[in-house]
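Engineer: Input my_file-v2.cif, format and content: mmCIF, C-alpha atoms, pLDDT in the B column; chains and numbers go by the auth columns.
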data_final
#
loop_
_atom_site.group_PDB
_atom_site.id
_atom_site.type_symbol
_atom_site.label_atom_id
_atom_site.label_comp_id
_atom_site.label_asym_id
_atom_site.label_seq_id
_atom_site.Cartn_x
_atom_site.Cartn_y
_atom_site.Cartn_z
_atom_site.B_iso_or_equiv
_atom_site.auth_seq_id
_atom_site.auth_asym_id
ATOM 1 C CA MET A 1 0.000 0.000 0.000 47.00 1 A
ATOM 2 C CA ALA A 2 1.269 3.485 -0.822 49.00 2 A
ATOM 3 C CA LYS A 3 2.440 5.671 2.067 65.00 3 A
ATOM 4 C CA ASP A 4 -0.678 7.822 1.618 74.00 4 A
ATOM 5 C CA PRO A 5 -3.409 5.804 -0.103 79.00 5 A
ATOM 6 C CA TRP A 6 -5.477 8.961 -0.695 91.00 6 A
ATOM 7 C CA THR A 7 -2.920 11.129 -2.517 95.00 7 A
ATOM 8 C CA TYR A 8 -0.157 10.455 -5.025 96.00 8 A
ATOM 9 C CA THR A 9 2.249 12.876 -6.735 97.00 9 A
ATOM 10 C CA THR A 10 4.637 12.328 -9.627 97.00 10 A
ATOM 11 C CA PRO A 11 6.912 14.686 -11.592 98.00 11 A
ATOM 12 C CA TRP A 12 6.429 15.243 -15.325 98.00 12 A
ATOM 13 C CA ARG A 13 8.493 17.107 -17.933 98.00 13 A
ATOM 14 C CA VAL A 14 6.564 18.501 -20.897 98.00 14 A
ATOM 15 C CA ARG A 15 7.788 16.960 -24.155 98.00 15 A
ATOM 16 C CA HIS A 16 7.621 18.310 -27.693 97.00 16 A
ATOM 17 C CA TYR A 17 4.981 15.873 -28.960 97.00 17 A
ATOM 18 C CA GLU A 18 2.587 17.013 -26.191 98.00 18 A
ATOM 19 C CA LEU A 19 2.318 20.526 -27.653 98.00 19 A
ATOM 20 C CA ASP A 20 -0.389 22.002 -29.864 97.00 20 A
ATOM 21 C CA TYR A 21 0.111 24.501 -32.704 96.00 21 A
ATOM 22 C CA ASN A 22 0.308 27.358 -30.187 96.00 22 A
ATOM 23 C CA GLY A 23 3.282 25.800 -28.409 96.00 23 A
ATOM 24 C CA HIS A 24 1.188 24.926 -25.330 96.00 24 A
ATOM 25 C CA VAL A 25 0.407 21.489 -23.956 98.00 25 A
ATOM 26 C CA SER A 26 -2.548 20.206 -25.977 96.00 26 A
ATOM 27 C CA ASN A 27 -5.861 20.042 -24.136 94.00 27 A
ATOM 28 C CA ALA A 28 -6.082 16.314 -24.886 94.00 28 A
ATOM 29 C CA MET A 29 -2.719 15.700 -23.199 97.00 29 A
ATOM 30 C CA TYR A 30 -4.114 16.765 -19.834 97.00 30 A
ATOM 31 C CA LEU A 31 -6.344 13.694 -19.939 96.00 31 A
ATOM 32 C CA ASN A 32 -3.260 11.573 -20.621 97.00 32 A
ATOM 33 C CA TYR A 33 -1.630 13.135 -17.567 98.00 33 A
ATOM 34 C CA VAL A 34 -4.683 12.186 -15.471 98.00 34 A
ATOM 35 C CA ALA A 35 -4.523 8.598 -16.752 97.00 35 A
ATOM 36 C CA GLN A 36 -0.783 8.378 -16.040 97.00 36 A
ATOM 37 C CA VAL A 37 -0.873 9.674 -12.462 98.00 37 A
ATOM 38 C CA THR A 38 -3.978 7.602 -11.680 97.00 38 A
ATOM 39 C CA SER A 39 -2.337 4.449 -13.037 96.00 39 A
ATOM 40 C CA GLU A 40 0.834 5.079 -11.027 96.00 40 A
ATOM 41 C CA HIS A 41 -1.275 5.689 -7.906 96.00 41 A
ATOM 42 C CA GLY A 42 -3.149 2.417 -8.426 95.00 42 A
ATOM 43 C CA GLU A 43 0.113 0.497 -8.775 95.00 43 A
ATOM 44 C CA ALA A 44 1.652 2.183 -5.714 94.00 44 A
ATOM 45 C CA SER A 45 -1.492 1.435 -3.681 92.00 45 A
ATOM 46 C CA GLY A 46 -1.550 -2.250 -4.619 93.00 46 A
ATOM 47 C CA PHE A 47 -4.640 -1.907 -6.843 95.00 47 A
ATOM 48 C CA GLY A 48 -2.900 -1.749 -10.211 95.00 48 A
ATOM 49 C CA ARG A 49 -3.467 -3.541 -13.489 96.00 49 A
ATOM 50 C CA ALA A 50 -2.612 -7.063 -12.334 97.00 50 A
ATOM 51 C CA TRP A 51 -4.806 -6.716 -9.223 97.00 51 A
ATOM 52 C CA SER A 52 -7.701 -5.391 -11.296 97.00 52 A
ATOM 53 C CA ILE A 53 -7.467 -8.219 -13.848 97.00 53 A
ATOM 54 C CA GLU A 54 -7.295 -10.775 -11.036 97.00 54 A
ATOM 55 C CA HIS A 55 -10.509 -9.257 -9.639 97.00 55 A
ATOM 56 C CA GLY A 56 -12.236 -9.273 -13.035 97.00 56 A
ATOM 57 C CA GLY A 57 -12.589 -5.531 -13.463 98.00 57 A
ATOM 58 C CA ALA A 58 -11.114 -2.248 -14.593 97.00 58 A
ATOM 59 C CA TRP A 59 -11.666 1.462 -14.137 97.00 59 A
ATOM 60 C CA MET A 60 -13.229 3.404 -17.016 97.00 60 A
ATOM 61 C CA VAL A 61 -13.668 7.170 -17.152 97.00 61 A
ATOM 62 C CA ARG A 62 -17.280 8.363 -17.003 97.00 62 A
ATOM 63 C CA CYS A 63 -16.515 12.088 -17.191 97.00 63 A
ATOM 64 C CA HIS A 64 -13.793 14.715 -16.767 97.00 64 A
ATOM 65 C CA GLN A 65 -14.199 18.357 -15.834 98.00 65 A
ATOM 66 C CA ILE A 66 -11.121 20.492 -16.473 97.00 66 A
ATOM 67 C CA THR A 67 -10.378 23.990 -15.282 98.00 67 A
ATOM 68 C CA TYR A 68 -7.378 25.507 -17.059 97.00 68 A
ATOM 69 C CA HIS A 69 -5.423 28.203 -15.211 98.00 69 A
ATOM 70 C CA ARG A 70 -2.445 28.818 -17.515 98.00 70 A
ATOM 71 C CA PRO A 71 -0.645 26.938 -20.284 97.00 71 A
ATOM 72 C CA ALA A 72 2.224 24.540 -19.754 98.00 72 A
ATOM 73 C CA MET A 73 5.110 24.903 -22.201 98.00 73 A
ATOM 74 C CA LEU A 74 7.924 22.764 -23.620 98.00 74 A
ATOM 75 C CA ASP A 75 10.344 21.518 -20.937 97.00 75 A
ATOM 76 C CA ASP A 76 8.203 22.801 -18.045 98.00 76 A
ATOM 77 C CA GLU A 77 8.643 20.587 -15.017 98.00 77 A
ATOM 78 C CA LEU A 78 5.183 19.751 -13.725 98.00 78 A
ATOM 79 C CA GLU A 79 3.872 18.102 -10.607 98.00 79 A
ATOM 80 C CA LEU A 80 0.855 15.830 -11.139 98.00 80 A
ATOM 81 C CA THR A 81 -1.105 15.107 -7.951 98.00 81 A
ATOM 82 C CA THR A 82 -4.170 12.904 -7.746 97.00 82 A
ATOM 83 C CA ARG A 83 -6.464 12.545 -4.736 96.00 83 A
ATOM 84 C CA VAL A 84 -9.195 9.997 -4.183 96.00 84 A
ATOM 85 C CA ARG A 85 -12.303 11.883 -3.042 95.00 85 A
ATOM 86 C CA SER A 86 -14.828 9.058 -2.737 93.00 86 A
ATOM 87 C CA VAL A 87 -15.459 5.424 -3.595 95.00 87 A
ATOM 88 C CA ARG A 88 -18.997 4.041 -3.437 93.00 88 A
ATOM 89 C CA GLY A 89 -21.183 1.721 -5.418 95.00 89 A
ATOM 90 C CA ALA A 90 -19.673 1.341 -8.894 97.00 90 A
ATOM 91 C CA ARG A 91 -18.039 4.792 -8.903 97.00 91 A
ATOM 92 C CA ALA A 92 -15.045 6.676 -7.627 97.00 92 A
ATOM 93 C CA ALA A 93 -14.245 10.373 -7.753 97.00 93 A
ATOM 94 C CA ARG A 94 -10.738 11.789 -8.084 97.00 94 A
ATOM 95 C CA GLU A 95 -9.277 15.245 -8.247 98.00 95 A
ATOM 96 C CA THR A 96 -6.032 15.832 -10.133 98.00 96 A
ATOM 97 C CA SER A 97 -4.055 19.042 -9.865 98.00 97 A
ATOM 98 C CA ILE A 98 -1.230 20.013 -12.192 98.00 98 A
ATOM 99 C CA THR A 99 1.243 22.664 -11.074 98.00 99 A
ATOM 100 C CA ARG A 100 4.483 24.040 -12.485 98.00 100 A
ATOM 101 C CA THR A 101 7.249 22.886 -10.149 98.00 101 A
ATOM 102 C CA ALA A 102 9.452 25.988 -10.440 97.00 102 A
ATOM 103 C CA ASP A 103 6.938 28.470 -9.049 98.00 103 A
ATOM 104 C CA LYS A 104 4.052 26.228 -7.879 98.00 104 A
ATOM 105 C CA ALA A 105 1.776 28.029 -10.372 98.00 105 A
ATOM 106 C CA PRO A 106 -1.472 26.119 -10.960 98.00 106 A
ATOM 107 C CA ILE A 107 -1.790 24.827 -14.523 98.00 107 A
ATOM 108 C CA ALA A 108 -5.034 22.817 -14.388 98.00 108 A
ATOM 109 C CA ASP A 109 -7.461 21.128 -12.020 98.00 109 A
ATOM 110 C CA ILE A 110 -9.354 18.074 -13.211 98.00 110 A
ATOM 111 C CA GLN A 111 -12.251 16.272 -11.550 98.00 111 A
ATOM 112 C CA THR A 112 -12.811 12.764 -12.862 98.00 112 A
ATOM 113 C CA GLU A 113 -15.564 10.275 -12.208 98.00 113 A
ATOM 114 C CA TRP A 114 -14.498 6.673 -12.736 98.00 114 A
ATOM 115 C CA VAL A 115 -16.701 3.583 -13.057 98.00 115 A
ATOM 116 C CA TRP A 116 -15.622 0.045 -12.154 98.00 116 A
ATOM 117 C CA VAL A 117 -16.619 -2.334 -14.974 98.00 117 A
ATOM 118 C CA ARG A 118 -16.506 -6.115 -15.365 98.00 118 A
ATOM 119 C CA LEU A 119 -13.888 -7.283 -17.841 97.00 119 A
ATOM 120 C CA SER A 120 -16.228 -10.016 -19.068 97.00 120 A
ATOM 121 C CA ASP A 121 -18.853 -7.668 -20.513 97.00 121 A
ATOM 122 C CA GLY A 122 -17.814 -4.051 -19.798 96.00 122 A
ATOM 123 C CA ARG A 123 -20.870 -3.458 -17.594 97.00 123 A
ATOM 124 C CA PRO A 124 -20.625 -1.339 -14.426 98.00 124 A
ATOM 125 C CA THR A 125 -20.512 -3.309 -11.192 97.00 125 A
ATOM 126 C CA ARG A 126 -19.734 -2.618 -7.550 97.00 126 A
ATOM 127 C CA VAL A 127 -16.179 -1.648 -6.708 97.00 127 A
ATOM 128 C CA PRO A 128 -14.400 -4.573 -4.999 96.00 128 A
ATOM 129 C CA ARG A 129 -14.643 -4.539 -1.199 95.00 129 A
ATOM 130 C CA GLU A 130 -10.837 -4.245 -0.807 94.00 130 A
ATOM 131 C CA ILE A 131 -10.828 -0.881 -2.595 94.00 131 A
ATOM 132 C CA VAL A 132 -13.913 0.383 -0.766 92.00 132 A
ATOM 133 C CA ASP A 133 -12.344 -0.541 2.576 90.00 133 A
ATOM 134 C CA ALA A 134 -9.043 1.140 1.690 89.00 134 A
ATOM 135 C CA TYR A 135 -10.853 4.426 0.975 88.00 135 A
ATOM 136 C CA ARG A 136 -13.450 4.385 3.729 83.00 136 A
ATOM 137 C CA ASP A 137 -13.698 7.529 5.870 64.00 137 A
ATOM 138 C CA PRO A 138 -10.141 8.867 6.151 59.00 138 A
ATOM 139 C CA SER A 139 -8.768 10.140 9.409 49.00 139 A
ATOM 140 C CA PRO A 140 -9.117 13.902 10.053 43.00 140 A
ATOM 141 C CA ALA A 141 -5.348 14.268 9.522 42.00 141 A
ATOM 142 C CA VAL A 142 -5.533 12.784 6.009 43.00 142 A
ATOM 143 C CA LEU A 143 -8.471 15.034 5.116 42.00 143 A
ATOM 144 C CA ARG A 144 -6.551 18.139 6.260 41.00 144 A
ATOM 145 C CA GLU A 145 -3.482 17.155 4.227 46.00 145 A
ATOM 146 C CA THR A 146 -5.444 16.642 1.000 43.00 146 A
ATOM 147 C CA LYS A 147 -7.352 19.934 1.038 43.00 147 A
#
Rewrite the structure of this file - the entire thing - as structure tokens.

Structural biologist:
Amino acid sequence: MAKDPWTYTTPWRVRHYELDYNGHVSNAMYLNYVAQVTSEHGEASGFGRAWSIEHGGAWMVRCHQITYHRPAMLDDELELTTRVRSVRGARAARETSITRTADKAPIADIQTEWVWVRLSDGRPTRVPREIVDAYRDPSPAVLRETK
């Protein structure tokens, strides 16, 4: 299990192929960043790809909501942070923040709703008990740290 099962941060350097015609990170790339940090968090927490396959399911995105604050540029060092906000029923909510490392300037905030689906037919189903238990009612200290 990750040191903090609720929050995970990873560094990211903006690469040339991530840019749009304006020289900014393409809007679509922000969704790739969300997928990357979420995947790394799942692996670090013990609920990664192999665990999911073993339990007959996978996470699928239901919706993203992105608020852009400023553009990220080539070679910017970014910090991608994801936080689990809730897990219940067949759904989970996450918040991902992207900041520029050099000055801590906010780049984007993304809220994502995920749905746990069965691998056999792609239909939504309840999130496995192990995940629900891992993200049940955090301690007050964890809540303070993730706000």

Engineer: Please write the residues picked by the PyMOL selection byres ((chain A and resi 124) around 10) on this file as a PyMOL selection string.

Structural biologist: chain A and resi 57-60+89-91+115-119+121-123+125-127

Engineer: Name the residues that the PyMOL selection byres ((chain A and resi 8) around 9) picks from the file above, as an MDAnalysis selection string, using the file's chain letters and numbers.

Structural biologist: chainID A and resid 2:7 9:10 37:38 40:41 44 80:83

Engineer: Find, counting only C-alpha atoms, the residue in A:Arg88, A:His69, A:Arg136, A:His64 that gets nearest to A:Ala35.

Structural biologist: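 The shortest atom-to-atom distance to A:Ala35 comes from A:His64.
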
Engineer: Do you know which residues are at most 12 Å from stretch 17-23 of chain A counting all atoms listed in the file, after dropping those on the same chain fewer than 2 positions away, and could you put them as a PyMOL selection string?

Structural biologist: chain A and resi 12-15+25-33+71-76

Engineer: For a test of reading the model, state the distance in Å between atom CA of A:Trp114 and atom CA of A:Thr99, rounded to one decimal.

Structural biologist: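 So the two atoms, atom CA of A:Trp114 and atom CA of A:Thr99, lie 22.5 Å apart.
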
Engineer: Between A:Gln36, A:Ser120, A:Thr67, A:Ser86, which has the minimum distance to A:Tyr135 (counting all atoms listed in the file)?

Structural biologist: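 Closest to A:Tyr135, using all atoms listed in the file: A:Ser86.
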
Engineer: Considering only C-alpha atoms, can you say which of A:Val87, A:Val34, A:Ala102, A:Val61 comes closest to A:Glu130?

Structural biologist: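 Of A:Val87, A:Val34, A:Ala102, A:Val61, the one nearest A:Glu130, counting only C-alpha atoms, is A:Val87.
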
Engineer: Which is closer to A:Glu95 than all the others in A:Ile107, A:Arg49, A:Ile66, A:His55, using all atoms listed in the file?

Structural biologist: A:Ile66

Engineer: Return the single residue from A:Arg85, A:His24, A:Arg70, A:Arg129 that is closest to A:Lys104, with distances computed using all atoms listed in the file.

Structural biologist: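 For A:Lys104, the nearest of the candidates is A:Arg70.
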
Engineer: If you measure from atom CA of A:Arg62 to atom CA of A:Gly46, what distance in Å do you get, rounded to one decimal?

Structural biologist: 22.7 Å

Engineer: How far is it from atom CA of A:Glu77 to atom CA of A:Gln111, in Å with one decimal?

Structural biologist: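 One can read the atom CA of A:Glu77 to atom CA of A:Gln111 distance as 21.6 Å.
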
Engineer: Counting all atoms listed in the file, figure out which residue out of A:Ser45, A:Ser39, A:Ser97, A:Gln65 gets nearest to A:Thr112.

Structural biologist: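 Checking each candidate against A:Thr112, we get A:Gln65 as the closest.
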